[in-house]
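Accompanying notes for the structure given below.
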Amino acid sequence: MRDSDIKDEFGRSAEQLAAEAAKDFDIMGLAARVADMDERPDRPRKSETVATSSNGEFGVIGATPAKPAEPAPVAPAPAAAPTSAPTSDSKAKRLRVRDGHIALPGSKPKAIDATLAARDAYWDKVGRTDPGYFGYPVCPELKGAPAWPTQTQAFRIVRTENSLIIASDGLSDPFAPFRGETIANGYGMEMYIEIPGWQSMDADLVRDSWAFKSIEQLARVCAFQKGLGDLLDEHGVMSVDLPTPCVPNGWVVSGYAEPAGALIDLPIPSGLAQIADMPLSRVRVVPITLIFPEELEDCVVGGPSERKALVNDLMTTGQGHKTDPKRSSLR
């Protein structure tokens, strides 16, 4: 099913919802970007060349302009006193100028192009990325979800020979200018979950799975915190609670305060720990690993030493950072 086929409880389509949202939130072309998220976010959808007319208005080359009305003859005006040349400030309200380069509306900054290319190159080393990306008809931020670096929130599916990966795709985007943040590759990370045996699962089933809900939830945790890098540097592997929809069937056990949880940033091969060639700042790749309620309780009650012991057990038993819904509890 295409996102554009989704109807809300009032029968409004994604395009209608996007048009309504655009009335108040048409920032940096949001209306055009949320109307159809089946295509890759932030990729140019059509090759349109933008040009400026003599009065400074923007239009698409090839459009037929309306014929201007013939001006009425007027008497020559008296010569005006010499004035200074217009300053660059008069243009700055219309055009984005940086280091002497004028970026026309709709053009993509080099930083985002380099970021997308670096992320693609990273995942190409891991497996095969599905052509479609999981997005939203209307940006979740407009409904109260934590903000990502831009108003594009997306996830990709990567298939390996014996597993399936669901990864965030946008937490490391360069901050949009209206965010008012420092120039950096967003929150400095992308997060993913890897499930053995799911390499052939249909994308629609993946979208409805507990695995997607879990990575979606933890990507929002990252966005709410504006990145987890400092916390991971301080504490190492961290644990977090997860609500019931985010865990596999059979993992919920009565008698525990939380249904289950996850570990954040278990060890992965060093060559895959960060994305190379990011243009603005370091970007790490952070796996999440779901754990049973009793394992989570031990981490919470026992503190860092018990969490470290659980990580060691997962690594020595061969589970590692992967989330196998068929595994047994280690506690």
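Scheme for the structure tokens: letters A, B, ... for chains in order shown; per-chain residue numbers from 1; ligand numbers from 1 in order shown.
Excluding Pro269 of chain A and any residue on its chain fewer than 3 positions from it, the residues at most 12 Å away by only C-alpha atoms are A:Val126, A:Asp265, A:Leu266, A:Leu272, A:Ala273, A:Gln274, A:Val285, A:Val286, A:Pro287, A:Gly320, A:His321.
Among the candidates A:Gly132, A:Pro146, A:Phe175, A:Thr152, the residue lying nearest to Val221 of chain A is A:Pro146 (atoms considered: only C-alpha atoms).
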### Task
Excluding Lys326 of chain A and residues on its chain fewer than 4 positions from it, collect all residues at most 10 Å away from it, counting only C-alpha atoms, and give them as a PyMOL selection string.
chain A and resi 196+248-251
### Straight-line distance linking atom CA of Val158 of chain A with atom CA of Ser270 of chain A, stated in Å to one decimal
19.1 Å
### Distance query segment 290-305 of chain A at most 6 Å, only C-alpha atoms, self and fewer than 5 positions along chain excluded, as JSON, numbers by chain
{"A": [259, 260, 261, 262, 323, 331]}
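Taking atom CA of Asn312 of chain A and atom CA of Ala211 of chain A as the two end points, the separation is 23.1 Å.
Neighbouring residues of Pro149 of chain A at 9 Å or closer, counting only C-alpha atoms and skipping chain neighbours under 5 positions away, are Gly170, Leu171, Ser172, Asp173, Pro174, Phe175, Ala176, Arg179, Glu181, Asn185, Gly186, Tyr187, Ala223 and Lys226 of chain A.
Of the residues listed (A:Ala145, A:Thr150, A:Asp130, A:Met278), A:Asp130 shows the shortest atom-to-atom separation from Val206 of chain A; distances use only C-alpha atoms.
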### Message
So the first atom is atom CA of Pro245 of chain A and the second is atom CA of Asp230 of chain A; what is the distance between them in Å, to one decimal place?
### Response
28.4 Å
